[in-house]
>>> print(open('input_28.tsv').read())   # TSV, C-alpha atoms and all ligand atoms
chain	number	residue	atom	x	y	z
N	1	MET	CA	-43.85	-53.11	3.32
N	2	SER	CA	-42.77	-49.88	1.74
N	3	THR	CA	-46.36	-49.32	0.53
N	4	VAL	CA	-47.57	-49.73	4.13
N	5	LEU	CA	-44.94	-47.22	5.30
N	6	ILE	CA	-45.99	-44.73	2.64
N	7	VAL	CA	-49.67	-45.12	3.63
N	8	VAL	CA	-48.79	-44.67	7.33
N	9	ALA	CA	-46.68	-41.57	6.49
N	10	LEU	CA	-49.54	-40.14	4.43
N	11	VAL	CA	-52.01	-40.76	7.26
N	12	VAL	CA	-49.64	-39.03	9.72
N	13	VAL	CA	-49.21	-36.03	7.36
N	14	VAL	CA	-52.98	-35.71	6.78
N	15	ALA	CA	-53.58	-35.98	10.55
N	16	LEU	CA	-50.99	-33.24	11.24
N	17	VAL	CA	-52.54	-30.97	8.59
N	18	LEU	CA	-55.97	-31.47	10.18
N	19	VAL	CA	-54.65	-30.68	13.68
N	20	VAL	CA	-52.93	-27.49	12.48
N	21	ALA	CA	-56.07	-26.44	10.61
N	22	ARG	CA	-58.19	-27.05	13.73
N	23	ARG	CA	-55.71	-25.04	15.81
N	24	ARG	CA	-55.98	-22.18	13.28
N	25	ARG	CA	-59.78	-22.31	13.48
N	26	HIS	CA	-59.46	-22.41	17.22
N	27	VAL	CA	-57.25	-19.28	17.20
N	28	GLY	CA	-59.86	-17.60	15.05
N	29	VAL	CA	-62.51	-18.38	17.61
N	30	LEU	CA	-60.36	-16.82	20.31
N	31	GLU	CA	-60.34	-13.42	18.58
N	32	ALA	CA	-61.60	-10.67	20.84
N	33	PRO	CA	-65.37	-10.43	20.59
N	34	ARG	CA	-66.56	-7.39	18.66
N	35	ALA	CA	-67.81	-4.54	20.77
N	36	PRO	CA	-71.59	-4.58	21.09
N	37	MET	CA	-73.47	-2.03	19.01
N	38	PRO	CA	-74.01	1.12	21.06
N	39	ASP	CA	-77.58	1.98	21.96
N	40	VAL	CA	-77.08	5.56	20.78
N	41	LEU	CA	-75.38	5.70	17.42
N	42	VAL	CA	-74.89	9.45	17.19
N	43	HIS	CA	-74.37	11.68	20.13
N	44	GLU	CA	-73.11	15.20	20.41
N	45	VAL	CA	-69.46	15.32	21.34
N	46	ALA	CA	-68.96	19.06	21.33
N	47	GLU	CA	-70.45	20.88	24.25
N	48	ARG	CA	-72.96	23.47	23.15
N	49	PRO	CA	-71.90	26.96	24.07
N	50	SER	CA	-73.81	28.48	26.91
N	51	LEU	CA	-76.71	30.59	25.77
N	52	ALA	CA	-77.28	32.01	29.23
N	53	ALA	CA	-77.01	35.77	29.47
N	54	ALA	CA	-73.58	36.92	30.60
N	55	PRO	CA	-73.63	37.67	34.32
N	56	GLY	CA	-72.68	41.07	35.67
N	57	LEU	CA	-69.72	42.77	34.11
N	58	SER	CA	-67.99	43.34	37.44
N	59	THR	CA	-67.78	39.61	38.03
N	60	ARG	CA	-66.34	39.04	34.57
N	61	LEU	CA	-63.79	41.80	34.98
N	62	GLY	CA	-62.48	40.31	38.23
N	63	SER	CA	-58.82	40.70	37.40
N	64	SER	CA	-59.20	44.24	36.10
N	65	ARG	CA	-61.25	45.22	39.15
N	66	GLY	CA	-58.47	43.84	41.31
N	67	VAL	CA	-56.01	46.31	39.78
N	68	PHE	CA	-58.27	49.28	40.64
N	69	GLU	CA	-58.91	48.10	44.19
N	70	ARG	CA	-56.52	50.65	45.72
N	71	VAL	CA	-58.03	53.59	43.83
N	72	ARG	CA	-61.50	52.47	44.91
N	73	SER	CA	-60.29	52.29	48.49
N	74	LEU	CA	-59.32	55.99	48.27
N	75	GLY	CA	-63.03	56.39	47.49
N	76	ALA	CA	-64.43	59.66	48.70
N	77	THR	CA	-61.12	60.97	50.03
N	78	ASN	CA	-60.71	64.45	48.69
N	79	ALA	CA	-57.53	65.34	50.52
N	80	LEU	CA	-54.86	64.73	47.92
N	81	SER	CA	-51.78	63.65	49.76
N	82	PRO	CA	-48.64	62.89	47.72
N	83	GLU	CA	-49.20	59.26	48.78
N	84	SER	CA	-52.66	59.09	47.24
N	85	LEU	CA	-51.31	60.62	44.03
N	86	ASP	CA	-48.62	57.92	44.02
N	87	VAL	CA	-51.31	55.27	44.45
N	88	VAL	CA	-53.30	56.69	41.53
N	89	GLU	CA	-50.22	56.80	39.32
N	90	GLU	CA	-49.15	53.27	40.14
N	91	VAL	CA	-52.62	51.81	39.73
N	92	LEU	CA	-53.24	53.55	36.41
N	93	LEU	CA	-49.93	52.43	34.95
N	94	ARG	CA	-50.51	48.87	36.12
N	95	SER	CA	-54.02	48.92	34.67
N	96	ASP	CA	-52.64	49.47	31.13
N	97	VAL	CA	-54.36	52.83	30.55
N	98	GLY	CA	-51.00	54.08	29.30
N	99	VAL	CA	-48.71	56.94	30.18
N	100	ALA	CA	-50.70	59.66	28.38
N	101	THR	CA	-53.92	58.98	30.29
N	102	THR	CA	-52.07	58.53	33.57
N	103	ASN	CA	-50.38	61.91	33.18
N	104	ALA	CA	-53.65	63.57	32.20
N	105	VAL	CA	-55.37	62.21	35.30
N	106	LEU	CA	-52.52	63.29	37.59
N	107	GLU	CA	-52.43	66.74	36.04
N	108	GLN	CA	-56.16	67.10	36.57
N	109	LEU	CA	-55.89	66.00	40.19
N	110	ARG	CA	-53.01	68.36	40.93
N	111	THR	CA	-54.72	71.34	39.32
N	112	HIS	CA	-58.31	70.85	40.37
N	113	GLY	CA	-58.03	68.54	43.33
N	114	ALA	CA	-60.71	65.95	43.89
N	115	PRO	CA	-63.73	67.73	45.37
N	116	GLU	CA	-65.89	64.63	44.94
N	117	GLY	CA	-63.23	62.12	45.89
N	118	VAL	CA	-60.28	60.57	44.08
N	119	ALA	CA	-62.22	57.74	42.46
N	120	ALA	CA	-64.75	60.19	41.00
N	121	ALA	CA	-61.98	62.45	39.68
N	122	VAL	CA	-60.22	59.50	38.03
N	123	ARG	CA	-63.53	58.38	36.57
N	124	ALA	CA	-64.27	61.82	35.11
N	125	GLU	CA	-60.85	62.05	33.46
N	126	VAL	CA	-60.94	58.49	32.10
N	127	MET	CA	-64.40	59.09	30.63
N	128	LYS	CA	-62.94	61.87	28.49
N	129	SER	CA	-61.23	59.16	26.41
N	130	PHE	CA	-64.61	57.77	25.39
N	131	GLU	CA	-66.29	60.63	23.59
N	132	ARG	CA	-66.61	58.89	20.22
N	133	ASP	CA	-69.68	57.69	18.38
N	134	ARG	CA	-69.69	53.93	18.86
N	135	SER	CA	-72.91	53.06	17.11
N	136	PHE	CA	-72.67	50.28	14.53
N	137	ARG	CA	-74.42	49.84	11.26
N	138	VAL	CA	-76.24	46.62	10.49
N	139	SER	CA	-78.09	47.51	7.31
N	140	ALA	CA	-76.79	48.42	3.88
N	141	ASP	CA	-78.21	50.75	1.24
N	142	GLU	CA	-81.32	49.64	-0.65
N	143	GLY	CA	-80.66	46.49	-2.68
N	144	ARG	CA	-77.24	45.82	-1.16
N	145	VAL	CA	-76.11	43.27	1.41
N	146	ALA	CA	-74.38	44.57	4.54
N	147	VAL	CA	-70.94	43.08	5.19
N	148	TRP	CA	-68.98	43.09	8.43
N	149	LEU	CA	-65.30	42.27	8.01
N	150	PHE	CA	-63.25	40.96	10.92
N	151	VAL	CA	-59.51	41.50	10.89
N	152	GLY	CA	-56.68	40.94	13.33
N	153	VAL	CA	-53.65	38.78	14.01
N	154	ASN	CA	-54.02	35.10	14.80
N	155	GLY	CA	-55.51	33.93	18.04
N	156	VAL	CA	-57.11	37.21	19.08
N	157	GLY	CA	-60.68	35.88	18.85
N	158	LYS	CA	-61.95	36.77	15.35
N	159	THR	CA	-63.76	33.50	14.65
N	160	THR	CA	-65.28	33.38	18.12
N	161	THR	CA	-66.48	36.97	17.73
N	162	VAL	CA	-68.05	36.17	14.34
N	163	ALA	CA	-69.88	33.28	16.00
N	164	LYS	CA	-71.05	35.39	18.94
N	165	LEU	CA	-72.37	38.09	16.63
N	166	ALA	CA	-74.02	35.53	14.35
N	167	SER	CA	-75.88	34.23	17.36
N	168	ARG	CA	-76.89	37.71	18.43
N	169	PHE	CA	-78.06	38.90	15.02
N	170	THR	CA	-79.86	35.67	14.19
N	171	ALA	CA	-81.74	35.94	17.49
N	172	GLU	CA	-82.65	39.52	16.58
N	173	GLY	CA	-84.25	38.31	13.36
N	174	HIS	CA	-81.49	38.98	10.84
N	175	SER	CA	-80.75	36.45	8.18
N	176	VAL	CA	-76.99	35.91	8.42
N	177	VAL	CA	-74.47	34.29	6.06
N	178	LEU	CA	-71.01	33.53	7.44
N	179	ALA	CA	-68.06	33.70	5.05
N	180	ALA	CA	-65.17	31.46	6.11
N	181	GLY	CA	-62.56	33.81	4.69
N	182	ASP	CA	-59.76	32.23	6.71
N	183	THR	CA	-58.60	29.72	4.11
N	184	PHE	CA	-55.10	29.54	5.55
N	185	ARG	CA	-55.94	26.32	7.38
N	186	ALA	CA	-58.89	23.97	6.95
N	187	ALA	CA	-59.58	23.85	10.68
N	188	ALA	CA	-60.61	27.52	10.58
N	189	ALA	CA	-63.60	26.78	8.33
N	190	ASP	CA	-64.46	23.69	10.42
N	191	GLN	CA	-64.49	25.85	13.54
N	192	LEU	CA	-66.83	28.35	11.87
N	193	GLN	CA	-69.03	25.58	10.50
N	194	ALA	CA	-69.53	24.16	13.99
N	195	TRP	CA	-70.61	27.60	15.17
N	196	ALA	CA	-72.85	28.12	12.14
N	197	GLU	CA	-74.68	24.90	12.98
N	198	ARG	CA	-75.19	26.02	16.55
N	199	THR	CA	-76.30	29.54	15.76
N	200	GLY	CA	-78.50	28.74	12.78
N	201	ALA	CA	-76.51	30.93	10.39
N	202	ASP	CA	-75.71	29.91	6.83
N	203	LEU	CA	-72.04	29.29	5.94
N	204	VAL	CA	-69.98	29.56	2.78
N	205	ARG	CA	-66.57	27.89	2.86
N	206	ALA	CA	-63.92	26.72	0.44
N	207	HIS	CA	-60.94	24.38	0.45
N	208	GLU	CA	-57.73	25.20	2.27
N	209	GLY	CA	-55.62	27.67	0.31
N	210	ALA	CA	-58.59	28.99	-1.71
N	211	ASP	CA	-58.80	32.68	-2.48
N	212	PRO	CA	-60.54	34.38	0.48
N	213	GLY	CA	-61.94	37.00	-1.88
N	214	SER	CA	-63.84	34.34	-3.79
N	215	VAL	CA	-65.29	32.97	-0.53
N	216	VAL	CA	-66.63	36.42	0.30
N	217	HIS	CA	-67.90	36.83	-3.27
N	218	ASP	CA	-69.76	33.50	-3.04
N	219	ALA	CA	-71.15	34.42	0.37
N	220	LEU	CA	-72.58	37.60	-1.13
N	221	GLY	CA	-74.09	35.58	-3.97
N	222	ARG	CA	-75.67	33.21	-1.46
N	223	ALA	CA	-76.95	36.08	0.66
N	224	LYS	CA	-78.49	37.78	-2.35
N	225	ALA	CA	-80.07	34.55	-3.60
N	226	ARG	CA	-81.58	33.73	-0.23
N	227	GLY	CA	-82.57	37.25	0.76
N	228	ALA	CA	-80.12	37.36	3.68
N	229	ASP	CA	-79.29	40.84	4.89
N	230	LEU	CA	-75.96	40.44	6.62
N	231	VAL	CA	-72.66	38.73	5.79
N	232	LEU	CA	-70.12	38.28	8.59
N	233	ALA	CA	-66.73	37.62	7.01
N	234	ASP	CA	-63.98	35.95	9.01
N	235	THR	CA	-60.42	36.42	7.73
N	236	ALA	CA	-57.06	34.77	8.34
N	237	GLY	CA	-54.82	36.08	11.08
N	238	ARG	CA	-51.65	34.94	9.37
N	239	ARG	CA	-49.87	34.66	6.08
N	240	ALA	CA	-46.26	34.09	5.15
N	241	ASN	CA	-45.60	37.70	6.11
N	242	SER	CA	-47.62	40.63	7.31
N	243	THR	CA	-47.39	42.51	3.99
N	244	ASN	CA	-49.11	39.60	2.26
N	245	LEU	CA	-51.75	39.53	4.96
N	246	LEU	CA	-52.49	43.23	4.64
N	247	ASP	CA	-52.60	43.02	0.82
N	248	GLU	CA	-54.98	40.12	1.08
N	249	LEU	CA	-57.23	42.02	3.47
N	250	ALA	CA	-57.34	44.99	1.13
N	251	LYS	CA	-58.35	42.65	-1.70
N	252	VAL	CA	-61.06	40.95	0.39
N	253	ARG	CA	-62.38	44.35	1.25
N	254	ARG	CA	-62.62	45.40	-2.40
N	255	VAL	CA	-64.59	42.25	-3.23
N	256	ALA	CA	-66.84	42.66	-0.20
N	257	ASP	CA	-67.64	46.24	-1.12
N	258	ARG	CA	-68.54	45.48	-4.73
N	259	ASP	CA	-72.26	45.32	-5.61
N	260	PRO	CA	-74.27	43.57	-4.16
N	261	GLY	CA	-71.97	43.82	-1.14
N	262	GLN	CA	-71.42	46.89	0.99
N	263	VAL	CA	-68.93	46.90	3.83
N	264	VAL	CA	-70.68	48.70	6.67
N	265	GLU	CA	-68.30	47.72	9.48
N	266	THR	CA	-64.67	46.62	9.56
N	267	LEU	CA	-63.91	45.44	13.04
N	268	MET	CA	-60.38	44.97	14.23
N	269	VAL	CA	-60.24	42.30	16.90
N	270	LEU	CA	-57.65	42.77	19.64
N	271	ASP	CA	-56.76	40.53	22.56
N	272	ALA	CA	-56.87	42.54	25.81
N	273	THR	CA	-54.52	40.13	27.58
N	274	THR	CA	-51.63	41.23	25.36
N	275	GLY	CA	-51.81	44.69	26.91
N	276	GLN	CA	-49.80	47.40	25.19
N	277	ASN	CA	-48.72	44.91	22.48
N	278	ALA	CA	-52.29	44.96	21.23
N	279	LEU	CA	-51.71	48.61	20.38
N	280	SER	CA	-48.64	48.09	18.24
N	281	GLN	CA	-50.36	45.22	16.36
N	282	ALA	CA	-53.33	47.44	15.74
N	283	LYS	CA	-51.35	50.23	14.17
N	284	GLU	CA	-50.13	47.92	11.39
N	285	PHE	CA	-53.68	47.04	10.42
N	286	LEU	CA	-55.19	50.47	10.58
N	287	ALA	CA	-53.97	51.89	7.29
N	288	ALA	CA	-54.71	48.79	5.24
N	289	ALA	CA	-58.07	47.81	6.57
N	290	GLN	CA	-60.07	51.05	7.07
N	291	VAL	CA	-61.14	49.94	10.51
N	292	SER	CA	-64.45	51.34	11.79
N	293	GLY	CA	-64.39	49.83	15.25
N	294	ILE	CA	-62.60	47.58	17.67
N	295	VAL	CA	-63.65	44.39	19.38
N	296	LEU	CA	-61.58	43.89	22.50
N	297	THR	CA	-61.67	40.26	23.56
N	298	LYS	CA	-60.67	38.26	26.65
N	299	LEU	CA	-61.40	41.01	29.15
N	300	ASP	CA	-62.55	38.24	31.46
N	301	GLY	CA	-59.08	36.76	31.69
N	302	THR	CA	-55.91	38.15	33.14
N	303	ALA	CA	-56.41	41.37	31.19
N	304	ARG	CA	-56.16	44.74	32.83
N	305	GLY	CA	-59.16	46.72	31.71
N	306	GLY	CA	-57.30	50.01	31.37
N	307	ILE	CA	-56.20	48.83	27.93
N	308	VAL	CA	-59.61	49.91	26.61
N	309	VAL	CA	-58.74	53.48	27.55
N	310	ALA	CA	-55.29	53.32	25.93
N	311	ILE	CA	-56.72	51.88	22.73
N	312	GLU	CA	-59.36	54.55	22.31
N	313	ARG	CA	-57.01	57.33	23.19
N	314	GLU	CA	-54.09	56.24	21.01
N	315	LEU	CA	-55.88	54.77	18.02
N	316	ALA	CA	-58.80	57.21	18.03
N	317	ILE	CA	-61.12	54.38	16.97
N	318	PRO	CA	-64.15	53.43	19.07
N	319	VAL	CA	-64.27	50.12	20.91
N	320	LYS	CA	-67.67	48.76	19.88
N	321	PHE	CA	-67.79	45.33	21.49
N	322	ILE	CA	-66.00	43.54	24.29
N	323	GLY	CA	-65.48	39.80	24.73
N	324	VAL	CA	-65.90	38.56	28.27
N	325	GLY	CA	-65.74	34.79	27.87
N	326	GLU	CA	-65.65	31.90	25.42
N	327	GLY	CA	-69.40	31.23	25.29
N	328	VAL	CA	-71.64	32.44	22.52
N	329	ALA	CA	-73.36	34.94	24.82
N	330	ASP	CA	-70.11	36.39	26.13
N	331	LEU	CA	-69.96	39.45	23.92
N	332	MET	CA	-71.22	42.81	25.05
N	333	VAL	CA	-71.81	46.08	23.32
N	334	PHE	CA	-69.20	48.36	24.85
N	335	GLU	CA	-70.77	50.98	27.09
N	336	PRO	CA	-68.04	53.18	28.60
N	337	GLU	CA	-70.02	54.31	31.65
N	338	VAL	CA	-71.01	50.81	32.65
N	339	PHE	CA	-67.48	49.60	32.04
N	340	VAL	CA	-65.71	52.36	33.97
N	341	ASP	CA	-68.22	52.11	36.82
N	342	SER	CA	-67.68	48.40	37.10
N	343	LEU	CA	-63.98	49.08	37.65
N	344	LEU	CA	-64.20	52.16	39.85
N	345	SER	CA	-67.43	51.91	41.82
N	346	ALA	CA	-67.16	50.42	45.27
N	401	LIG	N1	-61.67	33.97	27.83
N	401	LIG	C1	-61.95	34.35	26.58
N	401	LIG	N2	-61.50	33.63	25.55
N	401	LIG	C2	-61.81	34.04	24.30
N	401	LIG	C3	-62.57	35.21	24.05
N	401	LIG	N3	-62.68	35.35	22.71
N	401	LIG	C4	-62.02	34.31	22.14
N	401	LIG	N4	-61.48	33.52	23.10
N	401	LIG	C5	-60.66	32.31	22.93
N	401	LIG	O1	-59.48	32.64	22.22
N	401	LIG	C6	-59.05	31.54	21.43
N	401	LIG	C7	-58.80	32.00	20.00
N	401	LIG	O2	-60.04	32.41	19.43
N	401	LIG	P1	-60.34	32.37	17.88
N	401	LIG	O3	-61.69	32.94	17.70
N	401	LIG	O4	-60.06	31.04	17.31
N	401	LIG	O5	-59.22	33.40	17.36
N	401	LIG	P2	-58.90	33.83	15.85
N	401	LIG	O6	-58.57	35.27	15.89
N	401	LIG	O7	-60.01	33.41	14.96
N	401	LIG	O8	-57.58	32.99	15.58
N	401	LIG	P3	-56.97	32.53	14.15
N	401	LIG	O9	-58.06	31.89	13.37
N	401	LIG	O10	-55.88	31.59	14.54
N	401	LIG	O11	-56.44	33.75	13.49
N	401	LIG	C8	-60.16	30.50	21.54
N	401	LIG	O12	-59.75	29.53	22.48
N	401	LIG	C9	-61.35	31.28	22.07
N	401	LIG	O13	-62.23	30.49	22.82
N	401	LIG	C10	-63.04	35.97	25.20
N	401	LIG	O14	-63.70	37.02	25.10
N	401	LIG	N5	-62.70	35.48	26.42
N	402	MG	MG	-60.04	32.21	13.30
>>> encode(input="input_28.tsv", output="structure tokens", more="lines below")
Ligand SMILES: Nc1nc2c(ncn2[C@@H]2O[C@H](COP(=O)(O)OP(=O)(O)OP(=O)(O)O)[C@@H](O)[C@H]2O)c(=O)[nH]1
Ligand SMILES: [Mg+2]
Amino acid sequence: MSTVLIVVALVVVVALVLVVARRRRHVGVLEAPRAPMPDVLVHEVAERPSLAAAPGLSTRLGSSRGVFERVRSLGATNALSPESLDVVEEVLLRSDVGVATTNAVLEQLRTHGAPEGVAAAVRAEVMKSFERDRSFRVSADEGRVAVWLFVGVNGVGKTTTVAKLASRFTAEGHSVVLAAGDTFRAAAADQLQAWAERTGADLVRAHEGADPGSVVHDALGRAKARGADLVLADTAGRRANSTNLLDELAKVRRVADRDPGQVVETLMVLDATTGQNALSQAKEFLAAAQVSGIVLTKLDGTARGGIVVAIERELAIPVKFIGVGEGVADLMVFEPEVFVDSLLSA
């Protein structure tokens, strides 16, 4: 009897084990089906920057043009009422040209009047701020590789400007090597790499925290080995403190200028939307970096274009390029007449 009970118990246990096992298998079958294989395995996620030519400057400078609206509306008026002088003063100050230029314009208007109209008189005075040579040098001495260094605080548009110029110079037939000298964060080199792939430029990068000088040194070696004629070197916009940053820039510059390298341009990048603050930032960099020109970015945004005037007048360094958008074609060689006309012409 007990044997029969044991056999029955065993049968029940085995049956239970089988049921549980079946359930488990069943649960397995109920797992969510795997997603079907996509038809396209690799597709481009990042949008390619627009290669279309930048449309007219006036359109891009919408916000700056808005500021000058009231001066334009005085147009050909040559009768200088105190009210029109007030309008000129207010508009100029709001446009960020700065107090010095505003006073110079007012002085000129009071002394000489405005025989050809207020807008023309303002234009003539503003143009006096732009009498510098703003040509830029792309080639180095025989046997050397030309280097352009880009400096400026973080977020102003250095990396984007490097990319825009890489695109421009590559299209013009130069062989360009980009040096990812911003080793402060890995994303900086990734950002430049994405641009290098789009513009067809070569890129030298290193790990996060690497010595930026050695990146520039390697980029020069690569350029020399491959017969490239131009190195565009991005740099970091931040360090633990600004003294470290300026020391580092000076060191990068020494490396870049050592044979086979030759620094032919050091461009300080400034963000136009920060207005007069851009000026105080700039002054810190000037002594350390031997700046040969300025790139003023984001003039398409909420910037007030008069800042170009203040920068040239106060820093006595030519603005060589302006950024008017985030696309690769949105960089223009700065031409004062075209710029001032696009703000002041009706
Ligand atoms: N609208 C507009 N945006 C710009 C222009 N130039 C740069 N930007 C934008 O400004 C932001 C910062 O640009 P970056 O080139 O990364 O600036 P950076 O100086 O390299 O910054 P760090 O690497 O952090 O020092 C990005 O979102 C750019 O797309 C411009 O001319 N117009
Ligand atoms: Mg950057």
>>> residues_near_ligand(input="input_28.tsv", ligand="ligand LIG 401 (chain N)", cutoff="7 Å", atoms="all atoms listed in the file", output="PDB file with C-alpha atoms, in the coordinates of the input")
ATOM      1  CA  GLY N 152     -56.680  40.940  13.330  1.00  0.00           C
ATOM      2  CA  VAL N 153     -53.650  38.780  14.010  1.00  0.00           C
ATOM      3  CA  ASN N 154     -54.020  35.100  14.800  1.00  0.00           C
ATOM      4  CA  GLY N 155     -55.510  33.930  18.040  1.00  0.00           C
ATOM      5  CA  VAL N 156     -57.110  37.210  19.080  1.00  0.00           C
ATOM      6  CA  GLY N 157     -60.680  35.880  18.850  1.00  0.00           C
ATOM      7  CA  LYS N 158     -61.950  36.770  15.350  1.00  0.00           C
ATOM      8  CA  THR N 159     -63.760  33.500  14.650  1.00  0.00           C
ATOM      9  CA  THR N 160     -65.280  33.380  18.120  1.00  0.00           C
ATOM     10  CA  THR N 161     -66.480  36.970  17.730  1.00  0.00           C
ATOM     11  CA  ASP N 182     -59.760  32.230   6.710  1.00  0.00           C
ATOM     12  CA  ALA N 188     -60.610  27.520  10.580  1.00  0.00           C
ATOM     13  CA  ALA N 236     -57.060  34.770   8.340  1.00  0.00           C
ATOM     14  CA  GLY N 237     -54.820  36.080  11.080  1.00  0.00           C
ATOM     15  CA  ARG N 238     -51.650  34.940   9.370  1.00  0.00           C
ATOM     16  CA  THR N 297     -61.670  40.260  23.560  1.00  0.00           C
ATOM     17  CA  LYS N 298     -60.670  38.260  26.650  1.00  0.00           C
ATOM     18  CA  LEU N 299     -61.400  41.010  29.150  1.00  0.00           C
ATOM     19  CA  ASP N 300     -62.550  38.240  31.460  1.00  0.00           C
ATOM     20  CA  GLY N 301     -59.080  36.760  31.690  1.00  0.00           C
ATOM     21  CA  ILE N 322     -66.000  43.540  24.290  1.00  0.00           C
ATOM     22  CA  GLY N 323     -65.480  39.800  24.730  1.00  0.00           C
ATOM     23  CA  VAL N 324     -65.900  38.560  28.270  1.00  0.00           C
ATOM     24  CA  GLY N 325     -65.740  34.790  27.870  1.00  0.00           C
ATOM     25  CA  GLU N 326     -65.650  31.900  25.420  1.00  0.00           C
ATOM     26  CA  ASP N 330     -70.110  36.390  26.130  1.00  0.00           C
ATOM     27  CA  LEU N 331     -69.960  39.450  23.920  1.00  0.00           C
TER      28      LEU N 331
END
>>> atom_distance(input="input_28.tsv", atom1="CA of Ala228 in chain N", atom2="CA of Val176 in chain N")
5.9 Å
>>> residues_around(input="input_28.tsv", residues="range 77-93 of chain N", least_positions_apart="4", cutoff="7 Å", atoms="only C-alpha atoms", output="PyMOL selection string")
chain N and resi 67-68+71+97-99+102+113-118
>>> atom_distance(input="input_28.tsv", atom1="CA of Glu248 in chain N", atom2="CA of Leu230 in chain N")
21.7 Å
>>> atom_distance(input="input_28.tsv", atom1="CA of Ala104 in chain N", atom2="CA of Lys128 in chain N")
10.1 Å
>>> residues_around(input="input_28.tsv", residues="range 314-318 of chain N", least_positions_apart="2", cutoff="8 Å", atoms="only C-alpha atoms", output="PyMOL selection string")
chain N and resi 130+132-134+279+283+291-294+310-312+320
>>> closest_residue(input="input_28.tsv", among="N:Phe150, N:Phe339, N:Phe285, N:Phe169", to="ligand MG 402 (chain N)", atoms="all atoms listed in the file")
N:Phe150
>>> closest_residue(input="input_28.tsv", among="N:Ser167, N:Ser95, N:Gln281, N:Ser135", to="Trp195 in chain N", atoms="all atoms listed in the file")
N:Ser167
>>> closest_residue(input="input_28.tsv", among="N:Val252, N:Val269, N:Val122, N:Ala163", to="Gly75 in chain N", atoms="only C-alpha atoms")
N:Val122
>>> residues_around(input="input_28.tsv", residues="Ser345 in chain N", least_positions_apart="3", cutoff="8 Å", atoms="all atoms listed in the file", output="list in words")
Arg72, Ala119, Asp341 and Ser342 of chain N
>>> write_last_selection(input="input_28.tsv", atoms="C-alpha atoms", output="PDB file, keeping the file's coordinate frame")
ATOM      1  CA  ARG N  72     -61.500  52.470  44.910  1.00  0.00           C
ATOM      2  CA  ALA N 119     -62.220  57.740  42.460  1.00  0.00           C
ATOM      3  CA  ASP N 341     -68.220  52.110  36.820  1.00  0.00           C
ATOM      4  CA  SER N 342     -67.680  48.400  37.100  1.00  0.00           C
TER       5      SER N 342
END
>>> closest_atom_pairs(input="input_28.tsv", of="range 159-191 of chain N", to="range 196-200 of chain N", cutoff="9 Å", atoms="all atoms listed in the file", output="Markdown table")
| residue | atom | partner | partner_atom | distance |
| --- | --- | --- | --- | --- |
| N:Ala163 | CA | N:Ala196 | CA | 7.1 |
| N:Lys164 | CA | N:Thr199 | CA | 8.5 |
| N:Ala166 | CA | N:Thr199 | CA | 6.6 |
| N:Ser167 | CA | N:Thr199 | CA | 5.0 |
| N:Arg168 | CA | N:Thr199 | CA | 8.6 |
| N:Thr170 | CA | N:Gly200 | CA | 7.2 |
| N:Ala171 | CA | N:Thr199 | CA | 8.6 |
| N:Val176 | CA | N:Gly200 | CA | 8.5 |
| N:Val177 | CA | N:Ala196 | CA | 8.8 |
| N:Leu178 | CA | N:Ala196 | CA | 7.4 |
| N:Gln191 | CA | N:Ala196 | CA | 8.8 |
>>> write_last_selection(input="input_28.tsv", atoms="C-alpha atoms", output="compact mmCIF listing (two decimals), in the coordinates of the input")
# COMPACT_ATOMS: atom_id res chain seq x y z
CA ALA N 163 -69.88 33.28 16.00
CA LYS N 164 -71.05 35.39 18.94
CA ALA N 166 -74.02 35.53 14.35
CA SER N 167 -75.88 34.23 17.36
CA ARG N 168 -76.89 37.71 18.43
CA THR N 170 -79.86 35.67 14.19
CA ALA N 171 -81.74 35.94 17.49
CA VAL N 176 -76.99 35.91 8.42
CA VAL N 177 -74.47 34.29 6.06
CA LEU N 178 -71.01 33.53 7.44
CA GLN N 191 -64.49 25.85 13.54
>>> decode(input="input_28.tsv", residues="range 281-288 of chain N", atoms="N, CA and C atoms", output="JSON list (two decimals), in the first residue's frame")
[["chain", "number", "residue", "atom", "x", "y", "z"],
["N", 281, "GLN", "N", 35.91, 90.89, -22.81],
["N", 281, "GLN", "CA", 36.52, 89.55, -22.98],
["N", 281, "GLN", "C", 37.75, 89.66, -23.87],
["N", 282, "ALA", "N", 37.57, 90.41, -24.95],
["N", 282, "ALA", "CA", 38.61, 90.49, -25.96],
["N", 282, "ALA", "C", 39.90, 91.05, -25.38],
["N", 283, "LYS", "N", 39.77, 92.04, -24.53],
["N", 283, "LYS", "CA", 40.96, 92.73, -24.03],
["N", 283, "LYS", "C", 41.87, 91.76, -23.29],
["N", 284, "GLU", "N", 41.26, 90.81, -22.57],
["N", 284, "GLU", "CA", 42.06, 89.82, -21.83],
["N", 284, "GLU", "C", 42.94, 88.99, -22.77],
["N", 285, "PHE", "N", 42.37, 88.66, -23.92],
["N", 285, "PHE", "CA", 43.08, 87.77, -24.85],
["N", 285, "PHE", "C", 44.18, 88.48, -25.64],
["N", 286, "LEU", "N", 43.97, 89.77, -25.84],
["N", 286, "LEU", "CA", 44.82, 90.46, -26.80],
["N", 286, "LEU", "C", 46.31, 90.32, -26.52],
["N", 287, "ALA", "N", 46.71, 90.59, -25.29],
["N", 287, "ALA", "CA", 48.13, 90.58, -24.97],
["N", 287, "ALA", "C", 48.72, 89.19, -25.17],
["N", 288, "ALA", "N", 48.00, 88.16, -24.70],
["N", 288, "ALA", "CA", 48.56, 86.81, -24.72],
["N", 288, "ALA", "C", 48.61, 86.20, -26.11]]
